[in-house]
file final38.json (JSON, C-alpha atoms)
[["chain", "number", "residue", "atom", "x", "y", "z"],
["A", 58, "MET", "CA", -1.29, 52.40, 208.00],
["A", 59, "GLU", "CA", -3.13, 49.84, 210.14],
["A", 60, "ILE", "CA", -5.16, 51.49, 212.90],
["A", 61, "SER", "CA", -5.80, 49.22, 215.89],
["A", 62, "ALA", "CA", -9.12, 49.01, 217.68],
["A", 63, "SER", "CA", -7.37, 49.99, 220.92],
["A", 64, "ASP", "CA", -6.09, 53.22, 219.33],
["A", 65, "VAL", "CA", -9.58, 54.05, 218.06],
["A", 66, "LYS", "CA", -11.00, 53.36, 221.52],
["A", 67, "ARG", "CA", -8.35, 55.57, 223.12],
["A", 68, "LEU", "CA", -9.08, 58.48, 220.77],
["A", 69, "ARG", "CA", -12.81, 58.07, 221.39],
["A", 70, "GLU", "CA", -12.21, 58.21, 225.15],
["A", 71, "MET", "CA", -10.04, 61.31, 224.70],
["A", 72, "THR", "CA", -12.50, 63.17, 222.48],
["A", 73, "GLY", "CA", -15.99, 61.70, 222.74],
["A", 74, "ALA", "CA", -16.17, 61.52, 218.93],
["A", 75, "GLY", "CA", -17.74, 58.54, 217.08],
["A", 76, "MET", "CA", -15.79, 55.33, 216.52],
["A", 77, "MET", "CA", -15.74, 55.62, 212.71],
["A", 78, "ASP", "CA", -14.80, 59.31, 212.88],
["A", 79, "CYS", "CA", -11.93, 58.45, 215.22],
["A", 80, "LYS", "CA", -10.69, 55.64, 212.98],
["A", 81, "LYS", "CA", -10.79, 57.86, 209.91],
["A", 82, "ALA", "CA", -9.04, 60.73, 211.69],
["A", 83, "LEU", "CA", -6.27, 58.43, 212.94],
["A", 84, "GLY", "CA", -5.81, 57.10, 209.41],
["A", 85, "GLU", "CA", -5.50, 60.61, 207.98],
["A", 86, "ALA", "CA", -3.08, 61.55, 210.78],
["A", 87, "HIS", "CA", -0.99, 58.39, 210.27],
["A", 88, "GLY", "CA", -1.56, 57.42, 213.89],
["A", 89, "ASP", "CA", -0.62, 60.80, 215.40],
["A", 90, "PHE", "CA", -3.16, 61.44, 218.20],
["A", 91, "ASP", "CA", -2.66, 65.22, 218.43],
["A", 92, "ALA", "CA", -3.05, 65.56, 214.65],
["A", 93, "ALA", "CA", -6.13, 63.32, 214.74],
["A", 94, "ILE", "CA", -7.73, 65.54, 217.39],
["A", 95, "ASP", "CA", -7.13, 68.61, 215.21],
["A", 96, "ILE", "CA", -8.69, 66.80, 212.23],
["A", 97, "LEU", "CA", -11.79, 66.00, 214.30],
["A", 98, "ARG", "CA", -12.06, 69.60, 215.44],
["A", 99, "LYS", "CA", -11.76, 70.94, 211.90],
["A", 100, "LYS", "CA", -14.63, 68.70, 210.90],
["A", 101, "GLY", "CA", -16.76, 70.18, 213.66],
["A", 102, "GLN", "CA", -16.58, 67.26, 216.07],
["A", 103, "LYS", "CA", -17.38, 68.24, 219.65],
["A", 104, "ILE", "CA", -14.54, 67.03, 221.83],
["A", 105, "SER", "CA", -13.51, 67.41, 225.44],
["A", 106, "ALA", "CA", -10.93, 70.16, 226.03],
["A", 107, "SER", "CA", -9.85, 68.51, 229.26],
["A", 108, "ARG", "CA", -9.25, 65.13, 227.65],
["A", 109, "ALA", "CA", -5.90, 64.69, 229.38],
["A", 110, "ASP", "CA", -7.64, 64.04, 232.72],
["A", 111, "ARG", "CA", -8.99, 60.77, 231.25],
["A", 112, "SER", "CA", -5.55, 59.20, 231.34],
["A", 113, "THR", "CA", -5.27, 55.84, 233.13],
["A", 114, "SER", "CA", -1.90, 56.75, 234.65],
["A", 115, "GLU", "CA", -1.75, 56.57, 238.45],
["A", 116, "GLY", "CA", 0.26, 58.33, 241.13],
["A", 117, "CYS", "CA", 0.05, 61.21, 243.55],
["A", 118, "VAL", "CA", 0.60, 64.98, 243.61],
["A", 119, "PHE", "CA", 2.32, 66.68, 246.56],
["A", 120, "VAL", "CA", 1.98, 70.40, 247.36],
["A", 121, "GLU", "CA", 3.35, 72.80, 249.97],
["A", 122, "THR", "CA", 3.41, 76.54, 250.63],
["A", 123, "LEU", "CA", 5.87, 78.48, 252.77],
["A", 124, "ASN", "CA", 7.14, 81.95, 253.71],
["A", 125, "HIS", "CA", 3.71, 83.00, 254.95],
["A", 126, "ASP", "CA", 2.09, 81.51, 251.83],
["A", 127, "THR", "CA", 4.09, 83.64, 249.40],
["A", 128, "GLU", "CA", 5.75, 80.63, 247.75],
["A", 129, "GLY", "CA", 4.35, 77.32, 246.60],
["A", 130, "PHE", "CA", 5.72, 74.03, 245.30],
["A", 131, "VAL", "CA", 4.02, 71.12, 243.58],
["A", 132, "VAL", "CA", 5.48, 67.75, 242.52],
["A", 133, "GLY", "CA", 3.77, 64.95, 240.60],
["A", 134, "LEU", "CA", 4.99, 61.38, 241.12],
["A", 135, "GLY", "CA", 3.56, 58.85, 238.68],
["A", 136, "CYS", "CA", 3.29, 55.07, 238.66],
["A", 137, "GLU", "CA", 1.40, 52.37, 236.79],
["A", 138, "THR", "CA", -1.24, 51.22, 239.27],
["A", 139, "ASP", "CA", -3.44, 52.67, 242.00],
["A", 140, "PHE", "CA", -2.12, 49.97, 244.33],
["A", 141, "VAL", "CA", 1.41, 51.40, 244.11],
["A", 142, "ALA", "CA", 0.10, 54.98, 244.39],
["A", 143, "LYS", "CA", -1.08, 54.08, 247.90],
["A", 144, "ASN", "CA", 2.15, 52.25, 248.81],
["A", 145, "GLU", "CA", 3.88, 53.64, 251.91],
["A", 146, "ASP", "CA", 7.33, 53.69, 250.28],
["A", 147, "PHE", "CA", 5.95, 55.45, 247.19],
["A", 148, "LEU", "CA", 4.29, 58.16, 249.29],
["A", 149, "LYS", "CA", 7.41, 58.54, 251.45],
["A", 150, "LEU", "CA", 9.51, 59.10, 248.33],
["A", 151, "GLY", "CA", 7.07, 61.67, 246.99],
["A", 152, "LYS", "CA", 7.17, 63.62, 250.25],
["A", 153, "ALA", "CA", 10.97, 63.48, 250.30],
["A", 154, "ILE", "CA", 11.15, 64.83, 246.74],
["A", 155, "LEU", "CA", 8.77, 67.67, 247.63],
["A", 156, "GLN", "CA", 10.78, 68.59, 250.73],
["A", 157, "LYS", "CA", 13.96, 68.65, 248.66],
["A", 158, "ALA", "CA", 12.27, 70.99, 246.19],
["A", 159, "VAL", "CA", 11.17, 73.26, 249.04],
["A", 160, "ALA", "CA", 14.65, 73.28, 250.57],
["A", 161, "GLU", "CA", 16.68, 73.90, 247.40],
["A", 162, "LYS", "CA", 14.16, 75.53, 245.02],
["A", 163, "PRO", "CA", 15.66, 73.93, 241.91],
["A", 164, "ALA", "CA", 15.23, 75.83, 238.63],
["A", 165, "ASN", "CA", 13.74, 72.88, 236.74],
["A", 166, "LEU", "CA", 12.82, 69.20, 236.92],
["A", 167, "ASP", "CA", 16.23, 67.94, 235.75],
["A", 168, "THR", "CA", 17.95, 69.88, 238.55],
["A", 169, "LEU", "CA", 15.51, 68.46, 241.07],
["A", 170, "LEU", "CA", 16.13, 64.89, 239.90],
["A", 171, "ALA", "CA", 19.88, 65.39, 240.26],
["A", 172, "ALA", "CA", 19.55, 66.74, 243.81],
["A", 173, "THR", "CA", 20.76, 64.43, 246.58],
["A", 174, "VAL", "CA", 18.84, 62.97, 249.49],
["A", 175, "GLU", "CA", 20.87, 61.03, 252.05],
["A", 176, "GLY", "CA", 23.89, 61.10, 249.77],
["A", 177, "ARG", "CA", 22.17, 59.77, 246.66],
["A", 178, "SER", "CA", 20.37, 61.51, 243.81],
["A", 179, "ILE", "CA", 16.59, 61.50, 243.59],
["A", 180, "ASN", "CA", 16.96, 59.63, 240.31],
["A", 181, "GLU", "CA", 18.84, 56.87, 242.13],
["A", 182, "HIS", "CA", 16.18, 56.66, 244.84],
["A", 183, "ILE", "CA", 13.52, 56.31, 242.15],
["A", 184, "THR", "CA", 15.52, 53.53, 240.47],
["A", 185, "ASP", "CA", 15.81, 51.72, 243.80],
["A", 186, "LEU", "CA", 12.05, 51.87, 244.37],
["A", 187, "ILE", "CA", 11.37, 50.64, 240.83],
["A", 188, "GLY", "CA", 13.55, 47.63, 241.58],
["A", 189, "LYS", "CA", 11.73, 47.01, 244.84],
["A", 190, "ILE", "CA", 8.18, 47.45, 243.54],
["A", 191, "GLY", "CA", 8.65, 46.27, 239.95],
["A", 192, "GLU", "CA", 6.70, 49.11, 238.40],
["A", 193, "LYS", "CA", 7.64, 52.23, 236.43],
["A", 194, "ILE", "CA", 7.88, 55.31, 238.65],
["A", 195, "GLU", "CA", 8.75, 58.83, 237.52],
["A", 196, "VAL", "CA", 8.48, 62.45, 238.57],
["A", 197, "THR", "CA", 5.94, 63.71, 236.05],
["A", 198, "ALA", "CA", 6.13, 67.41, 236.92],
["A", 199, "TYR", "CA", 7.66, 70.00, 239.22],
["A", 200, "GLU", "CA", 6.42, 73.60, 239.56],
["A", 201, "HIS", "CA", 7.34, 76.55, 241.78],
["A", 202, "ILE", "CA", 5.45, 79.84, 242.06],
["A", 203, "LYS", "CA", 5.70, 83.08, 244.06],
["A", 204, "GLY", "CA", 3.04, 85.66, 244.81],
["A", 205, "GLU", "CA", 1.33, 87.92, 247.32],
["A", 206, "LYS", "CA", -0.82, 85.03, 248.56],
["A", 207, "ILE", "CA", -0.44, 81.42, 247.41],
["A", 208, "VAL", "CA", -3.34, 79.02, 247.96],
["A", 209, "SER", "CA", -2.86, 75.28, 247.39],
["A", 210, "TYR", "CA", -5.43, 72.61, 246.62],
["A", 211, "LEU", "CA", -5.45, 68.85, 246.03],
["A", 212, "HIS", "CA", -8.21, 67.29, 243.91],
["A", 213, "LEU", "CA", -9.36, 63.73, 243.06],
["A", 214, "ASN", "CA", -7.52, 61.95, 245.89],
["A", 215, "ALA", "CA", -4.36, 63.97, 245.20],
["A", 216, "LYS", "CA", -4.37, 63.16, 241.48],
["A", 217, "ILE", "CA", -4.43, 66.90, 240.66],
["A", 218, "GLY", "CA", -2.56, 69.63, 242.53],
["A", 219, "VAL", "CA", -3.07, 73.37, 242.04],
["A", 220, "LEU", "CA", -1.25, 76.47, 243.25],
["A", 221, "VAL", "CA", -2.96, 79.86, 242.80],
["A", 222, "ALA", "CA", -1.18, 83.19, 243.28],
["A", 223, "LEU", "CA", -3.57, 86.00, 244.28],
["A", 224, "LYS", "CA", -2.75, 89.71, 244.33],
["A", 225, "GLY", "CA", -4.60, 92.80, 245.50],
["A", 226, "THR", "CA", -5.97, 90.99, 248.56],
["A", 227, "ASN", "CA", -5.62, 94.14, 250.70],
["A", 228, "GLY", "CA", -5.18, 92.02, 253.82],
["A", 229, "LYS", "CA", -8.52, 90.29, 253.39],
["A", 230, "GLU", "CA", -8.91, 86.61, 254.28],
["A", 231, "VAL", "CA", -8.84, 84.92, 250.90],
["A", 232, "GLU", "CA", -8.18, 81.25, 251.64],
["A", 233, "GLY", "CA", -11.75, 80.27, 250.80],
["A", 234, "ILE", "CA", -12.02, 82.07, 247.48],
["A", 235, "GLY", "CA", -8.50, 80.92, 246.62],
["A", 236, "LYS", "CA", -9.67, 77.32, 247.06],
["A", 237, "ASP", "CA", -12.68, 78.02, 244.84],
["A", 238, "VAL", "CA", -10.42, 79.37, 242.07],
["A", 239, "ALA", "CA", -8.08, 76.41, 242.51],
["A", 240, "MET", "CA", -11.03, 74.03, 242.13],
["A", 241, "GLN", "CA", -11.95, 75.89, 238.94],
["A", 242, "ILE", "CA", -8.43, 75.36, 237.60],
["A", 243, "ALA", "CA", -8.48, 71.67, 238.55],
["A", 244, "ALA", "CA", -11.83, 71.06, 236.87],
["A", 245, "MET", "CA", -11.74, 73.40, 233.86],
["A", 246, "PHE", "CA", -8.04, 73.06, 232.89],
["A", 247, "PRO", "CA", -7.29, 76.62, 231.65],
["A", 248, "ILE", "CA", -4.21, 76.77, 229.44],
["A", 249, "ALA", "CA", -3.33, 80.37, 230.35],
["A", 250, "LEU", "CA", -4.17, 83.12, 232.80],
["A", 251, "ASP", "CA", -5.57, 85.62, 230.26],
["A", 252, "LYS", "CA", -5.88, 85.89, 226.48],
["A", 253, "ASP", "CA", -2.59, 87.80, 226.19],
["A", 254, "ASP", "CA", -0.82, 84.84, 227.82],
["A", 255, "VAL", "CA", -1.89, 82.29, 225.19],
["A", 256, "ASP", "CA", 1.00, 81.15, 223.02],
["A", 257, "ALA", "CA", 0.98, 82.61, 219.51],
["A", 258, "SER", "CA", 1.19, 79.12, 217.97],
["A", 259, "VAL", "CA", -2.01, 78.10, 219.81],
["A", 260, "ILE", "CA", -3.82, 81.21, 218.56],
["A", 261, "GLU", "CA", -2.66, 80.52, 215.01],
["A", 262, "LYS", "CA", -3.92, 76.94, 215.21],
["A", 263, "GLU", "CA", -7.29, 78.01, 216.63],
["A", 264, "ILE", "CA", -7.78, 80.53, 213.81],
["A", 265, "GLU", "CA", -6.89, 77.86, 211.25],
["A", 266, "ILE", "CA", -9.38, 75.45, 212.81],
["A", 267, "GLY", "CA", -12.05, 78.16, 212.97],
["A", 268, "LYS", "CA", -11.60, 78.98, 209.28],
["A", 269, "GLU", "CA", -11.73, 75.34, 208.25],
["A", 270, "MET", "CA", -14.88, 74.73, 210.29],
["A", 271, "ALA", "CA", -16.56, 77.78, 208.73],
["A", 272, "ARG", "CA", -15.45, 76.67, 205.27],
["A", 273, "ASN", "CA", -16.94, 73.22, 205.85],
["A", 274, "GLU", "CA", -20.19, 74.91, 206.89],
["A", 275, "GLY", "CA", -20.32, 76.63, 203.52],
["A", 276, "LYS", "CA", -19.54, 80.14, 204.75],
["A", 277, "PRO", "CA", -18.21, 82.66, 202.13],
["A", 278, "GLU", "CA", -14.42, 82.78, 201.88],
["A", 279, "ALA", "CA", -14.44, 86.53, 202.60],
["A", 280, "MET", "CA", -16.14, 85.87, 205.96],
["A", 281, "LEU", "CA", -13.81, 83.13, 207.22],
["A", 282, "GLU", "CA", -11.37, 85.41, 209.06],
["A", 283, "LYS", "CA", -14.14, 87.26, 210.91],
["A", 284, "ILE", "CA", -15.88, 84.03, 211.86],
["A", 285, "ALA", "CA", -12.60, 82.50, 213.05],
["A", 286, "GLN", "CA", -11.89, 85.56, 215.21],
["A", 287, "GLY", "CA", -15.33, 85.22, 216.78],
["A", 288, "ARG", "CA", -14.64, 81.59, 217.61],
["A", 289, "LEU", "CA", -11.24, 82.61, 218.99],
["A", 290, "ASN", "CA", -13.01, 84.88, 221.50],
["A", 291, "LYS", "CA", -15.12, 81.90, 222.55],
["A", 292, "PHE", "CA", -11.90, 79.89, 222.93],
["A", 293, "TYR", "CA", -10.52, 82.57, 225.29],
["A", 294, "GLU", "CA", -13.69, 82.37, 227.38],
["A", 295, "GLU", "CA", -13.38, 78.61, 227.68],
["A", 296, "ARG", "CA", -9.63, 78.14, 228.09],
["A", 297, "THR", "CA", -8.19, 81.22, 229.87],
["A", 298, "LEU", "CA", -8.75, 81.37, 233.61],
["A", 299, "LEU", "CA", -9.78, 85.00, 234.15],
["A", 300, "ASN", "CA", -12.26, 84.84, 231.26],
["A", 301, "GLN", "CA", -13.84, 81.51, 232.19],
["A", 302, "GLU", "CA", -17.32, 81.49, 233.68],
["A", 303, "PHE", "CA", -16.90, 81.00, 237.41],
["A", 304, "VAL", "CA", -18.20, 77.57, 238.38],
["A", 305, "LYS", "CA", -19.91, 78.92, 241.49],
["A", 306, "GLU", "CA", -21.71, 81.82, 239.81],
["A", 307, "ALA", "CA", -23.20, 81.53, 236.32],
["A", 308, "LYS", "CA", -22.73, 84.38, 233.83],
["A", 309, "THR", "CA", -19.88, 85.79, 235.91],
["A", 310, "SER", "CA", -16.25, 85.45, 234.86],
["A", 311, "VAL", "CA", -13.51, 84.55, 237.34],
["A", 312, "ARG", "CA", -12.11, 88.08, 236.85],
["A", 313, "GLN", "CA", -15.47, 89.67, 237.71],
["A", 314, "TYR", "CA", -16.06, 87.41, 240.70],
["A", 315, "LEU", "CA", -12.67, 88.16, 242.25],
["A", 316, "ASP", "CA", -13.11, 91.90, 241.76],
["A", 317, "LYS", "CA", -16.56, 91.70, 243.35],
["A", 318, "PHE", "CA", -15.15, 89.82, 246.33],
["A", 319, "GLN", "CA", -12.37, 92.38, 246.80],
["A", 320, "GLN", "CA", -12.03, 95.31, 244.40],
["A", 321, "GLY", "CA", -8.78, 95.07, 242.46],
["A", 322, "MET", "CA", -8.07, 91.47, 243.48],
["A", 323, "THR", "CA", -7.04, 89.08, 240.74],
["A", 324, "VAL", "CA", -4.86, 86.06, 239.96],
["A", 325, "SER", "CA", -1.23, 86.77, 239.08],
["A", 326, "GLY", "CA", -0.40, 83.17, 238.15],
["A", 327, "PHE", "CA", -1.20, 79.51, 238.71],
["A", 328, "LYS", "CA", 0.29, 76.05, 238.40],
["A", 329, "ARG", "CA", -1.66, 72.86, 237.76],
["A", 330, "VAL", "CA", -0.14, 69.39, 237.91],
["A", 331, "GLY", "CA", -2.25, 66.36, 237.11],
["A", 332, "ILE", "CA", -1.25, 62.71, 237.09],
["A", 333, "GLY", "CA", -1.71, 61.58, 233.50],
["A", 334, "ALA", "CA", -2.30, 65.17, 232.34]]

call {"tool": "encode", "arguments": {"input": "final38.json", "output": "structure tokens"}}
result
Amino acid sequence: MEISASDVKRLREMTGAGMMDCKKALGEAHGDFDAAIDILRKKGQKISASRADRSTSEGCVFVETLNHDTEGFVVGLGCETDFVAKNEDFLKLGKAILQKAVAEKPANLDTLLAATVEGRSINEHITDLIGKIGEKIEVTAYEHIKGEKIVSYLHLNAKIGVLVALKGTNGKEVEGIGKDVAMQIAAMFPIALDKDDVDASVIEKEIEIGKEMARNEGKPEAMLEKIAQGRLNKFYEERTLLNQEFVKEAKTSVRQYLDKFQQGMTVSGFKRVGIGA
């Protein structure tokens, strides 16, 4: 199939791989970006794990905690341009959607969109604003979390919102370290809390990629599984929160840092919503 220069440029921006490598990968993947990224990885290309944050989508994330910071809510409202993201009506709608989520605690995004504000559904309010502004607007994400202590954080001019649930605080003031962990989540984009929380399909794909990379390096077939498992451990260190190196202290994992701050303290869960992510 014909691969456009814009698609090649987009894949290059997403991965950091070379132009020709990107074009070839897109051709092999028949234009499928996710498949093309996997092809690049299997060939040993170094790509950015947090590529989603390079999206050009605009908008704003809204967060709130309540019940003595034991519950948290985060809503992402997306639009096409930064100009609209700063529009007073756009921000007012985002705040109204968040407050509705806080008031009714809907089970999912569809339920939130069907909820009514001033007698009309949120979906209808969004449609009205689209007609007024002339730009696509949509709720990109909605998350709700409970925990012993919820800390919220907004990053990149409210383009990324994070909620962190801490446990084992033992009454200690943890707002500051909670913000540090939230900043870690915003910047490093972990896909799970710990290695046991990674989806089985992701693990299977990582092992497959690890084997293919080792095979391309000329490693013996009998060694591929062992090499792939070693690379899987590296994957856990890079992509699961508690195993990541803490950004504020080199050679110390997030798990170790939290336990050092307050013995037994850890993260029980987190939510990350990014515009374009």

call {"tool": "closest_residue", "arguments": {"input": "final38.json", "among": "A:Val196, A:Val238, A:Ala171, A:Val120", "to": "Leu211 in chain A", "atoms": "all atoms listed in the file"}}
result
A:Val120

call {"tool": "closest_residue", "arguments": {"input": "final38.json", "among": "A:Cys117, A:Val231, A:Ile194, A:Ala82", "to": "Ile207 in chain A", "atoms": "only C-alpha atoms"}}
result
A:Val231

call {"tool": "residues_around", "arguments": {"input": "final38.json", "residues": "range 141-150 of chain A", "least_positions_apart": "3", "cutoff": "8 Å", "atoms": "only C-alpha atoms", "output": "list in words"}}
result
Glu115, Gly116, Cys117, Gly135, Cys136, Glu137, Thr138, Ala153, Ile154, His182, Ile183, Leu186 and Ile190 of chain A

call {"tool": "closest_residue", "arguments": {"input": "final38.json", "among": "A:Lys224, A:Lys252, A:Lys308, A:His201", "to": "Met322 in chain A", "atoms": "all atoms listed in the file"}}
result
A:Lys224

call {"tool": "atom_distance", "arguments": {"input": "final38.json", "atom1": "CA of Ser209 in chain A", "atom2": "CA of Phe318 in chain A"}}
result
19.1 Å

call {"tool": "residues_around", "arguments": {"input": "final38.json", "residues": "range 310-316 of chain A", "least_positions_apart": "4", "cutoff": "12 Å", "atoms": "all atoms listed in the file", "output": "ChimeraX atom specification"}}
result
/A:223-227,231,233-235,237-242,245,247,250-251,293-306,320-325

call {"tool": "write_last_selection", "arguments": {"input": "final38.json", "atoms": "C-alpha atoms", "output": "PDB file, keeping the file's coordinate frame"}}
result
ATOM      1  CA  LEU A 223      -3.570  86.000 244.280  1.00  0.00           C
ATOM      2  CA  LYS A 224      -2.750  89.710 244.330  1.00  0.00           C
ATOM      3  CA  GLY A 225      -4.600  92.800 245.500  1.00  0.00           C
ATOM      4  CA  THR A 226      -5.970  90.990 248.560  1.00  0.00           C
ATOM      5  CA  ASN A 227      -5.620  94.140 250.700  1.00  0.00           C
ATOM      6  CA  VAL A 231      -8.840  84.920 250.900  1.00  0.00           C
ATOM      7  CA  GLY A 233     -11.750  80.270 250.800  1.00  0.00           C
ATOM      8  CA  ILE A 234     -12.020  82.070 247.480  1.00  0.00           C
ATOM      9  CA  GLY A 235      -8.500  80.920 246.620  1.00  0.00           C
ATOM     10  CA  ASP A 237     -12.680  78.020 244.840  1.00  0.00           C
ATOM     11  CA  VAL A 238     -10.420  79.370 242.070  1.00  0.00           C
ATOM     12  CA  ALA A 239      -8.080  76.410 242.510  1.00  0.00           C
ATOM     13  CA  MET A 240     -11.030  74.030 242.130  1.00  0.00           C
ATOM     14  CA  GLN A 241     -11.950  75.890 238.940  1.00  0.00           C
ATOM     15  CA  ILE A 242      -8.430  75.360 237.600  1.00  0.00           C
ATOM     16  CA  MET A 245     -11.740  73.400 233.860  1.00  0.00           C
ATOM     17  CA  PRO A 247      -7.290  76.620 231.650  1.00  0.00           C
ATOM     18  CA  LEU A 250      -4.170  83.120 232.800  1.00  0.00           C
ATOM     19  CA  ASP A 251      -5.570  85.620 230.260  1.00  0.00           C
ATOM     20  CA  TYR A 293     -10.520  82.570 225.290  1.00  0.00           C
ATOM     21  CA  GLU A 294     -13.690  82.370 227.380  1.00  0.00           C
ATOM     22  CA  GLU A 295     -13.380  78.610 227.680  1.00  0.00           C
ATOM     23  CA  ARG A 296      -9.630  78.140 228.090  1.00  0.00           C
ATOM     24  CA  THR A 297      -8.190  81.220 229.870  1.00  0.00           C
ATOM     25  CA  LEU A 298      -8.750  81.370 233.610  1.00  0.00           C
ATOM     26  CA  LEU A 299      -9.780  85.000 234.150  1.00  0.00           C
ATOM     27  CA  ASN A 300     -12.260  84.840 231.260  1.00  0.00           C
ATOM     28  CA  GLN A 301     -13.840  81.510 232.190  1.00  0.00           C
ATOM     29  CA  GLU A 302     -17.320  81.490 233.680  1.00  0.00           C
ATOM     30  CA  PHE A 303     -16.900  81.000 237.410  1.00  0.00           C
ATOM     31  CA  VAL A 304     -18.200  77.570 238.380  1.00  0.00           C
ATOM     32  CA  LYS A 305     -19.910  78.920 241.490  1.00  0.00           C
ATOM     33  CA  GLU A 306     -21.710  81.820 239.810  1.00  0.00           C
ATOM     34  CA  GLN A 320     -12.030  95.310 244.400  1.00  0.00           C
ATOM     35  CA  GLY A 321      -8.780  95.070 242.460  1.00  0.00           C
ATOM     36  CA  MET A 322      -8.070  91.470 243.480  1.00  0.00           C
ATOM     37  CA  THR A 323      -7.040  89.080 240.740  1.00  0.00           C
ATOM     38  CA  VAL A 324      -4.860  86.060 239.960  1.00  0.00           C
ATOM     39  CA  SER A 325      -1.230  86.770 239.080  1.00  0.00           C
TER      40      SER A 325
END

call {"tool": "residues_around", "arguments": {"input": "final38.json", "residues": "Leu289 in chain A", "least_positions_apart": "5", "cutoff": "8 Å", "atoms": "only C-alpha atoms", "output": "PDB file with C-alpha atoms, in the frame of the given file"}}
result
ATOM      1  CA  ILE A 260      -3.820  81.210 218.560  1.00  0.00           C
ATOM      2  CA  GLU A 263      -7.290  78.010 216.630  1.00  0.00           C
ATOM      3  CA  ILE A 264      -7.780  80.530 213.810  1.00  0.00           C
ATOM      4  CA  GLY A 267     -12.050  78.160 212.970  1.00  0.00           C
TER       5      GLY A 267
END

call {"tool": "atom_distance", "arguments": {"input": "final38.json", "atom1": "CA of Ala243 in chain A", "atom2": "CA of Val208 in chain A"}}
result
13.0 Å

call {"tool": "residues_around", "arguments": {"input": "final38.json", "residues": "Leu83 in chain A", "least_positions_apart": "5", "cutoff": "9 Å", "atoms": "all atoms listed in the file", "output": "MDAnalysis selection string"}}
result
chainID A and resid 60 64:65 68 78 88:90 92:94 96

call {"tool": "atom_distance", "arguments": {"input": "final38.json", "atom1": "CA of Ile217 in chain A", "atom2": "CA of Val330 in chain A"}}
result
5.7 Å

call {"tool": "residues_around", "arguments": {"input": "final38.json", "residues": "range 279-285 of chain A", "least_positions_apart": "2", "cutoff": "12 Å", "atoms": "only C-alpha atoms", "output": "list in words"}}
result
Lys99, Ile260, Glu261, Lys262, Glu263, Ile264, Glu265, Ile266, Gly267, Lys268, Glu269, Met270, Ala271, Arg272, Asn273, Glu274, Gly275, Lys276, Pro277, Gly287, Arg288, Leu289, Asn290, Lys291 and Phe292 of chain A
